[in-house]
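**Q** Sharing entry-v5.txt below, compact mmCIF, C-alpha atoms:
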```txt
# COMPACT_ATOMS: atom_id res chain seq x y z
CA MET W 976 0.00 0.00 0.00
CA SER W 977 1.41 3.40 -0.93
CA ASN W 978 1.63 6.32 1.51
CA THR W 979 -1.03 8.18 -0.48
CA ASN W 980 -3.51 5.33 -0.06
CA GLN W 981 -2.67 5.04 3.63
CA PHE W 982 -3.71 8.67 4.22
CA ALA W 983 -6.76 8.40 1.97
CA ASP W 984 -8.10 5.28 3.65
CA GLN W 985 -9.50 6.78 6.83
CA HIS W 986 -11.41 10.05 7.25
CA VAL W 987 -10.09 12.28 9.99
CA GLY W 988 -13.43 13.22 11.61
CA ASP W 989 -13.08 15.03 14.94
CA GLN W 990 -9.50 15.93 14.16
CA LEU W 991 -10.69 18.40 11.53
CA SER W 992 -12.02 20.57 14.35
CA GLY W 993 -8.84 20.09 16.36
CA PHE W 994 -6.84 21.05 13.26
CA ILE W 995 -8.80 24.28 12.72
CA ASP W 996 -8.45 25.17 16.38
CA GLY W 997 -4.72 24.45 16.56
CA GLU W 998 -5.28 21.82 19.25
CA LEU W 999 -3.53 18.85 17.58
CA THR W 1000 -0.04 17.54 18.10
CA GLN W 1001 2.43 18.09 15.28
CA GLN W 1002 2.04 14.47 14.21
CA GLN W 1003 -1.74 14.72 14.12
CA ARG W 1004 -1.56 18.00 12.17
CA GLN W 1005 0.73 16.39 9.62
CA PHE W 1006 -1.63 13.47 9.24
CA VAL W 1007 -4.66 15.72 8.68
CA THR W 1008 -2.73 17.83 6.15
CA LEU W 1009 -1.63 14.80 4.17
CA HIS W 1010 -5.08 13.23 4.35
CA CYS W 1011 -6.79 16.37 3.09
CA GLU W 1012 -4.42 16.50 0.13
CA VAL W 1013 -5.81 13.21 -1.11
CA CYS W 1014 -9.38 13.29 0.28
CA ALA W 1015 -11.68 15.78 -1.40
CA ASP W 1016 -14.50 15.20 1.12
CA CYS W 1017 -12.37 16.04 4.14
CA GLN W 1018 -10.76 18.98 2.32
CA GLU W 1019 -14.21 20.37 1.57
CA ASN W 1020 -15.37 19.76 5.14
CA LEU W 1021 -12.27 21.49 6.45
CA GLU W 1022 -12.90 24.59 4.35
CA ARG W 1023 -16.57 24.73 5.29
CA LEU W 1024 -15.84 24.32 8.98
CA ARG W 1025 -13.22 27.06 8.78
CA ALA W 1026 -15.74 29.37 7.09
CA LEU W 1027 -18.35 28.50 9.70
CA ARG W 1028 -15.93 29.21 12.54
CA GLU W 1029 -15.08 32.58 11.03
CA ARG W 1030 -18.74 33.38 10.53
CA ILE W 1031 -19.57 32.63 14.16
CA GLY W 1032 -16.55 34.62 15.34
CA ASN W 1033 -17.74 37.68 13.43
CA ALA W 1034 -21.43 37.27 14.27
CA GLY W 1035 -23.27 39.65 16.54
CA LEU W 1036 -24.31 37.07 19.09
CA SER W 1037 -24.23 39.77 21.74
CA GLU W 1038 -24.95 43.40 20.91
CA VAL W 1039 -24.65 44.85 24.37
CA GLY W 1040 -21.29 46.62 24.32
CA GLU W 1041 -18.60 47.29 26.92
CA ASP W 1042 -20.18 50.52 28.20
CA LYS W 1043 -23.19 48.59 29.45
CA TRP W 1044 -20.94 46.17 31.33
CA ARG W 1045 -18.90 49.03 32.73
CA GLU W 1046 -22.12 50.56 34.11
CA THR W 1047 -23.22 47.19 35.42
CA MET W 1048 -19.86 46.70 37.04
CA ASN W 1049 -20.27 49.90 39.02
CA ASP W 1050 -23.53 48.72 40.51
CA PRO W 1051 -22.05 46.71 43.38
CA THR W 1052 -19.88 49.68 44.39
CA VAL W 1053 -22.86 52.01 44.26
CA GLU W 1054 -24.91 49.57 46.32
CA LEU W 1055 -22.17 49.24 48.91
CA THR W 1056 -21.50 52.99 49.30
CA ARG W 1057 -25.22 53.68 49.35
CA GLY W 1058 -25.62 51.08 52.12
CA ILE W 1059 -22.78 52.56 54.17
CA GLY W 1060 -24.14 56.08 53.65
CA TRP W 1061 -27.60 55.13 54.83
CA LEU W 1062 -26.22 53.24 57.80
CA LEU W 1063 -24.09 56.20 58.98
CA PHE W 1064 -26.97 58.60 58.43
CA ILE W 1065 -29.45 56.46 60.37
CA VAL W 1066 -27.05 55.78 63.27
CA GLY W 1067 -26.18 59.50 63.53
CA MET W 1068 -29.82 60.53 63.42
CA LEU W 1069 -30.80 57.94 66.04
CA ILE W 1070 -28.10 59.15 68.42
CA ILE W 1071 -29.06 62.80 67.98
CA ALA W 1072 -32.74 61.96 68.26
CA GLY W 1073 -32.09 59.86 71.39
CA ILE W 1074 -30.14 62.64 73.10
CA GLY W 1075 -32.79 65.18 72.10
CA LEU W 1076 -35.59 62.90 73.27
CA VAL W 1077 -34.03 62.28 76.69
CA GLY W 1078 -33.42 66.01 77.15
CA PHE W 1079 -36.94 66.74 75.97
CA LEU W 1080 -38.65 64.17 78.22
CA PHE W 1081 -36.79 65.30 81.33
CA SER W 1082 -37.15 69.01 80.66
CA ASP W 1083 -39.29 70.80 83.30
CA GLY W 1084 -40.33 73.68 81.05
CA ILE W 1085 -42.36 71.57 78.55
CA SER W 1086 -45.94 70.45 79.17
CA VAL W 1087 -46.97 66.76 79.24
CA GLY W 1088 -49.25 67.36 76.21
CA MET W 1089 -46.33 68.64 74.14
CA LYS W 1090 -44.21 65.72 75.31
CA LEU W 1091 -46.90 63.25 74.17
CA LEU W 1092 -47.21 65.03 70.80
CA MET W 1093 -43.48 64.81 70.17
CA PHE W 1094 -43.50 61.19 71.32
CA ALA W 1095 -46.21 60.46 68.72
CA ILE W 1096 -44.12 62.07 65.94
CA TYR W 1097 -40.96 60.15 66.86
CA GLY W 1098 -42.95 56.96 67.41
CA GLY W 1099 -44.50 57.37 63.94
CA LEU W 1100 -41.10 57.85 62.33
CA ALA W 1101 -39.71 54.81 64.13
CA THR W 1102 -42.67 52.69 63.01
CA LEU W 1103 -42.16 53.79 59.40
CA PHE W 1104 -38.46 52.99 59.62
CA PHE W 1105 -39.07 49.48 60.96
CA SER W 1106 -41.74 48.90 58.32
CA VAL W 1107 -39.26 49.69 55.51
CA LEU W 1108 -36.57 47.64 57.22
CA ARG W 1109 -38.90 44.65 57.47
CA GLN W 1110 -39.80 44.96 53.78
CA ARG W 1111 -36.12 45.05 52.81
CA LEU W 1112 -35.37 41.97 54.89
CA ILE W 1113 -38.24 40.06 53.26
CA GLU W 1114 -36.98 41.08 49.79
CA ARG W 1115 -33.53 39.89 50.70
CA LYS W 1116 -34.84 36.54 51.88
CA THR W 1117 -36.79 35.97 48.65
CA ASP W 1118 -33.96 37.06 46.30
CA LYS W 1119 -34.25 34.52 43.48
CA TYR W 1120 -30.52 34.50 42.72
CA LYS W 1121 -29.20 34.07 46.24
CA ASP W 1122 -28.61 30.33 45.91
CA VAL W 1123 -26.17 30.62 43.04
CA GLU W 1124 -22.67 29.81 44.16
CA VAL W 1125 -19.81 32.02 43.02
CA MET Z 1442 -5.92 39.76 41.71
CA LYS Z 1443 -6.43 43.48 42.24
CA LYS Z 1444 -9.99 44.70 41.85
CA PRO Z 1445 -9.45 47.25 39.02
CA LYS Z 1446 -7.60 44.64 36.95
CA MET Z 1447 -10.34 42.11 37.62
CA GLN Z 1448 -13.00 44.68 36.70
CA GLN Z 1449 -11.30 45.49 33.41
CA GLN Z 1450 -11.02 41.82 32.48
CA LEU Z 1451 -14.64 41.17 33.38
CA ILE Z 1452 -15.83 44.14 31.31
CA GLN Z 1453 -14.04 42.66 28.31
CA LEU Z 1454 -15.66 39.30 29.03
CA GLY Z 1455 -19.14 40.83 29.25
CA ASN Z 1456 -20.19 40.31 25.64
CA GLY Z 1457 -18.92 36.75 25.46
CA ALA Z 1458 -20.64 35.91 28.73
CA HIS Z 1459 -23.81 37.52 27.40
CA ALA Z 1460 -23.62 35.45 24.19
CA LEU Z 1461 -23.20 32.28 26.25
CA ALA Z 1462 -26.08 33.21 28.55
CA THR Z 1463 -28.28 34.09 25.55
CA GLN Z 1464 -27.68 30.65 24.06
CA MET Z 1465 -28.52 29.02 27.39
CA LEU Z 1466 -31.52 31.12 28.41
CA GLY Z 1467 -33.06 31.89 25.06
CA ASN Z 1468 -33.30 35.66 25.20
CA GLY Z 1469 -31.02 38.63 25.54
CA ASP Z 1470 -32.78 40.34 28.44
CA ASP Z 1471 -32.62 37.33 30.75
CA ALA Z 1472 -29.03 36.85 29.63
CA ALA Z 1473 -28.13 40.45 30.54
CA ASP Z 1474 -29.72 39.93 33.97
CA ALA Z 1475 -27.73 36.74 34.44
CA VAL Z 1476 -24.45 38.47 33.54
CA HIS Z 1477 -25.30 41.43 35.77
CA ASP Z 1478 -26.11 39.14 38.69
CA SER Z 1479 -22.88 37.26 38.09
CA PHE Z 1480 -20.94 40.52 38.33
CA VAL Z 1481 -22.73 41.33 41.58
CA LYS Z 1482 -21.98 37.88 42.99
CA VAL Z 1483 -18.32 38.12 42.01
CA PHE Z 1484 -17.82 41.55 43.55
CA LYS Z 1485 -19.63 40.60 46.73
CA LYS Z 1486 -17.07 37.84 47.17
CA PRO Z 1487 -14.02 38.57 44.99
CA GLU Z 1488 -11.80 36.39 47.17
CA ALA Z 1489 -13.68 33.37 45.79
CA TYR Z 1490 -11.47 33.64 42.72
CA ASP Z 1491 -8.06 32.10 43.33
CA GLU Z 1492 -5.53 33.17 40.69
CA ASN Z 1493 -3.39 30.12 41.47
CA LYS Z 1494 -6.17 27.75 40.44
CA GLY Z 1495 -6.44 29.04 36.88
CA PRO Z 1496 -7.27 32.03 34.68
CA LEU Z 1497 -10.20 34.33 35.32
CA THR Z 1498 -12.05 33.72 32.02
CA PRO Z 1499 -13.15 30.10 32.54
CA TRP Z 1500 -13.84 30.77 36.22
CA PHE Z 1501 -16.13 33.71 35.49
CA LEU Z 1502 -17.86 31.87 32.64
CA ARG Z 1503 -18.52 29.03 35.06
CA VAL Z 1504 -20.16 31.53 37.44
CA VAL Z 1505 -22.32 32.83 34.57
CA ARG Z 1506 -23.17 29.30 33.49
CA ASN Z 1507 -24.18 28.33 37.05
CA GLN Z 1508 -26.31 31.46 37.23
CA CYS Z 1509 -28.05 30.47 33.98
CA LEU Z 1510 -28.54 26.88 35.12
CA ASP Z 1511 -30.08 28.17 38.33
CA LEU Z 1512 -32.47 30.36 36.34
CA ILE Z 1513 -33.37 27.47 34.05
CA ARG Z 1514 -34.10 25.25 37.04
CA ARG Z 1515 -36.40 27.89 38.47
CA ARG Z 1516 -38.34 28.24 35.24
CA ARG Z 1517 -41.49 26.28 34.61
CA PRO Z 1518 -40.72 23.10 32.66
CA THR Z 1519 -43.17 24.03 29.89
CA GLU Z 1520 -41.41 27.27 29.11
CA ASP Z 1521 -39.89 27.13 25.64
CA THR Z 1522 -36.74 29.10 25.00
CA ILE Z 1523 -36.03 28.10 21.42
CA ASP Z 1524 -38.49 30.47 19.74
CA GLU Z 1525 -37.25 33.40 21.78
CA LEU Z 1526 -33.68 32.52 20.95
CA SER Z 1527 -34.26 32.70 17.21
CA ASP Z 1528 -36.15 35.99 17.54
CA SER Z 1529 -33.48 37.96 19.38
CA ALA Z 1530 -32.46 40.81 17.10
CA PRO Z 1531 -29.12 42.56 16.69
CA GLY Z 1532 -28.56 46.29 17.17
CA PRO Z 1533 -29.61 48.89 14.59
CA GLU Z 1534 -26.07 49.73 13.52
CA ALA Z 1535 -25.53 46.48 11.62
CA SER Z 1536 -26.17 46.47 7.88
CA LEU Z 1537 -29.14 44.58 6.49
CA GLU Z 1538 -26.99 41.82 5.02
CA ILE Z 1539 -25.14 41.28 8.28
CA ILE Z 1540 -28.42 41.33 10.16
CA GLN Z 1541 -29.83 38.66 7.87
CA ARG Z 1542 -26.74 36.48 8.04
CA ASP Z 1543 -26.58 36.77 11.83
CA GLN Z 1544 -30.29 36.01 12.07
CA GLU Z 1545 -29.82 32.90 9.92
CA LEU Z 1546 -26.99 31.83 12.18
CA ARG Z 1547 -29.06 32.42 15.32
CA ASN Z 1548 -31.94 30.46 13.80
CA ALA Z 1549 -29.60 27.61 12.94
CA LEU Z 1550 -28.06 27.66 16.42
CA SER Z 1551 -31.51 27.55 17.96
CA THR Z 1552 -32.09 24.13 16.38
CA LEU Z 1553 -29.11 22.64 18.22
CA SER Z 1554 -29.15 21.33 21.77
CA SER Z 1555 -28.17 23.68 24.57
CA ALA Z 1556 -24.92 21.76 25.12
CA GLN Z 1557 -24.00 22.12 21.44
CA ARG Z 1558 -24.78 25.85 21.42
CA GLU Z 1559 -22.69 26.40 24.55
CA ILE Z 1560 -19.60 24.69 23.21
CA ILE Z 1561 -19.81 26.52 19.87
CA VAL Z 1562 -20.08 29.90 21.56
CA LEU Z 1563 -17.20 29.12 23.92
CA ARG Z 1564 -14.87 28.06 21.13
CA ASP Z 1565 -15.90 29.95 17.99
CA TYR Z 1566 -17.28 33.15 19.49
CA MET Z 1567 -15.14 33.49 22.61
CA ASP Z 1568 -12.06 31.73 21.28
CA LEU Z 1569 -11.42 29.69 24.43
CA SER Z 1570 -8.88 26.87 24.33
CA TYR Z 1571 -10.06 23.27 24.74
CA ALA Z 1572 -8.61 23.24 28.28
CA GLU Z 1573 -10.59 26.36 29.20
CA ILE Z 1574 -13.78 24.95 27.65
CA ALA Z 1575 -13.33 21.75 29.66
CA SER Z 1576 -12.98 23.86 32.79
CA VAL Z 1577 -16.12 25.93 32.07
CA LEU Z 1578 -18.28 22.94 31.15
CA GLU Z 1579 -16.72 20.75 33.80
CA ILE Z 1580 -16.02 17.93 31.37
CA ALA Z 1581 -12.88 16.01 30.45
CA GLN Z 1582 -10.57 17.83 28.07
CA GLY Z 1583 -10.58 14.81 25.76
CA THR Z 1584 -14.34 15.13 25.30
CA VAL Z 1585 -14.18 18.71 24.03
CA MET Z 1586 -12.92 18.01 20.50
CA SER Z 1587 -15.48 15.32 19.69
CA ARG Z 1588 -18.39 17.24 21.23
CA LEU Z 1589 -17.36 20.42 19.44
CA HIS Z 1590 -16.96 18.62 16.13
CA ARG Z 1591 -20.40 17.05 16.38
CA ALA Z 1592 -21.89 20.45 17.24
CA ARG Z 1593 -20.16 22.13 14.30
CA MET Z 1594 -21.21 19.40 11.87
CA ALA Z 1595 -24.81 19.67 13.10
CA LEU Z 1596 -24.74 23.44 12.65
CA LYS Z 1597 -23.15 23.14 9.22
CA GLU Z 1598 -25.87 20.73 8.11
CA VAL Z 1599 -28.65 23.02 9.31
CA ILE Z 1600 -27.13 26.04 7.57
CA GLU Z 1601 -26.50 24.12 4.33
CA SER Z 1602 -30.02 22.75 4.29
CA HIS Z 1603 -31.33 26.33 4.22
CA GLU Z 1604 -28.97 27.56 1.48
```
Is it possible to express this structure as structure tokens?
**A**
Amino acid sequence: MSNTNQFADQHVGDQLSGFIDGELTQQQRQFVTLHCEVCADCQENLERLRALRERIGNAGLSEVGEDKWRETMNDPTVELTRGIGWLLFIVGMLIIAGIGLVGFLFSDGISVGMKLLMFAIYGGLATLFFSVLRQRLIERKTDKYKDVEV
Amino acid sequence: MKKPKMQQQLIQLGNGAHALATQMLGNGDDAADAVHDSFVKVFKKPEAYDENKGPLTPWFLRVVRNQCLDLIRRRRPTEDTIDELSDSAPGPEASLEIIQRDQELRNALSTLSSAQREIIVLRDYMDLSYAEIASVLEIAQGTVMSRLHRARMALKEVIESHE
């Protein structure tokens, strides 16, 4: 059997893809090259697969663009700084409000009626705050992506 | 890895990850959400990536893939993604011919199995090596070439049958 017949005898199959992708050993590459020289079917397949690969590489399979991802990327930072900002603001306000409230409640110059009125206003604000907090905690618990492992 | 460097690499990976997610989920909007959520997950816990265990690209694509699989699991079993996949349109800046060719390609891809679409996007669109593909798909490296070849041949046949 001549060398030419030896290479023509068996189609190279999967190795065509490995050849296009540069993932074969030198020996395998040489075999595919020699086979394609004598096998019109594999040569044609090789050219079509190459064209297909190029077509996919140039296709617009995603049209989003880097700017969108850059914006998206900033989201976690924004969320974190926003969270810290709110936390500091709330803690500061609670301390000031607490000091003010203690001073207010123990002040002799203010009537009981006024004290009750102010208590109602602060109590209302506190109720609203805990209502929002509760809602946030529920949202966090039902986050549909939380189970995905990084 | 320092955060700015990681951010820059992930921004460059965005489109590829989006293409992969689109092929898995069937539409661009869900895919964008999946990529966005993957970014959020990564930056909540950046130390989860260990540079010594391999490059960032396959690791991040694995995060995106897990995110997509999680979304798919949560979907109702009757939900069909194939029609949506073939309907996703490119941006307005592309010429009509390119739009048509890309649409044909998307239609052809939509006839393949999800596993075949994934491997084609990873290799031919994102240009990942076989070792990286094996890492993303969590399969043996030796399986990549045969699976990829079958996927390409299936896609070639679909495209040729429409020409």
**Q** Return the single residue from W:Leu1112, W:Ile1059, W:Val1066, W:Ala1034 that is closest to chain Z, with distances computed using only C-alpha atoms.
**A**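 When distances to chain Z are compared using only C-alpha atoms, the smallest one comes from W:Ala1034.
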**Q** Near chain W, meaning an atom within 7 Å, which residues of chain Z appear when counting only C-alpha atoms? Write them as a PyMOL selection string.
**A** chain Z and resi 1452-1453+1455-1456+1459-1460+1477+1480-1484+1489+1504+1507-1508+1511+1531-1532+1543+1565-1566+1586-1587+1590
**Q** Take the residues just selected and output them with C-alpha atoms as a compact mmCIF listing (two decimals), in the frame of the given file.
**A**
```
# COMPACT_ATOMS: atom_id res chain seq x y z
CA ILE Z 1452 -15.83 44.14 31.31
CA GLN Z 1453 -14.04 42.66 28.31
CA GLY Z 1455 -19.14 40.83 29.25
CA ASN Z 1456 -20.19 40.31 25.64
CA HIS Z 1459 -23.81 37.52 27.40
CA ALA Z 1460 -23.62 35.45 24.19
CA HIS Z 1477 -25.30 41.43 35.77
CA PHE Z 1480 -20.94 40.52 38.33
CA VAL Z 1481 -22.73 41.33 41.58
CA LYS Z 1482 -21.98 37.88 42.99
CA VAL Z 1483 -18.32 38.12 42.01
CA PHE Z 1484 -17.82 41.55 43.55
CA ALA Z 1489 -13.68 33.37 45.79
CA VAL Z 1504 -20.16 31.53 37.44
CA ASN Z 1507 -24.18 28.33 37.05
CA GLN Z 1508 -26.31 31.46 37.23
CA ASP Z 1511 -30.08 28.17 38.33
CA PRO Z 1531 -29.12 42.56 16.69
CA GLY Z 1532 -28.56 46.29 17.17
CA ASP Z 1543 -26.58 36.77 11.83
CA ASP Z 1565 -15.90 29.95 17.99
CA TYR Z 1566 -17.28 33.15 19.49
CA MET Z 1586 -12.92 18.01 20.50
CA SER Z 1587 -15.48 15.32 19.69
CA HIS Z 1590 -16.96 18.62 16.13
```
**Q** Residues near region 1462-1466 of chain Z, anyone? I mean within 8 Å using all atoms listed in the file, not counting same-chain ones fewer than 6 positions away, as a list in words.
**A**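 Selected residues are Ser1037 of chain W; Ala1472, Ala1473, Ala1475, Val1476, Val1505, Arg1506, Cys1509, Ile1513, Thr1522, Leu1526, Ser1551, Ser1555, Arg1558 and Glu1559 of chain Z.
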**Q** Enter the distance from CA of Asn1548 (chain Z) to CA of Arg1025 (chain W), in Å, rounded to one decimal.
**A**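 Result for CA of Asn1548 (chain Z) versus CA of Arg1025 (chain W): 19.7 Å, one decimal.
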**Q** Just to confirm, what's the straight-line distance from CA of Ala1458 (chain Z) to CA of Trp1500 (chain Z) in Å (one decimal)?
**A** 11.3 Å
**Q** If I take CA of Asp1474 (chain Z) and CA of Leu1510 (chain Z), how far is one from the other in Å, to one decimal?
**A**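 CA of Leu1510 (chain Z) lies at a distance of 13.2 Å from CA of Asp1474 (chain Z).
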**Q** Would you compute an axis-aligned box for region 1473-1481 of chain Z, covering every atom listed for it in the file with 8 Å of margin on each side, and report centre and edge lengths in Å to one decimal as AutoDock Vina command-line options?
**A**
```
--center_x -25.3 --center_y 39.1 --center_z 36.1 --size_x 24.8 --size_y 20.7 --size_z 27.0
```
**Q** For Ser1554 (chain Z), which of Z:Ala1572, Z:Ala1595, Z:Ile1600, Z:Met1567 is the closest residue, counting all atoms listed in the file?
**A** Z:Ala1595
**Q** Could you check which of Z:Arg1514, Z:His1603, Z:Arg1591, Z:Arg1547 is closest to Gly1467 (chain Z), using only C-alpha atoms?
**A**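 Ranking Z:Arg1514, Z:His1603, Z:Arg1591, Z:Arg1547 by distance to Gly1467 (chain Z), first place goes to Z:Arg1547.
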**Q** Given the choices Z:Ala1575, Z:Ala1581, Z:Leu1563, Z:Ala1549, which gets closest to Ser1602 (chain Z) if the distance is worked out from only C-alpha atoms?
**A**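 With only C-alpha atoms as the atom set, the closest residue is Z:Ala1549.
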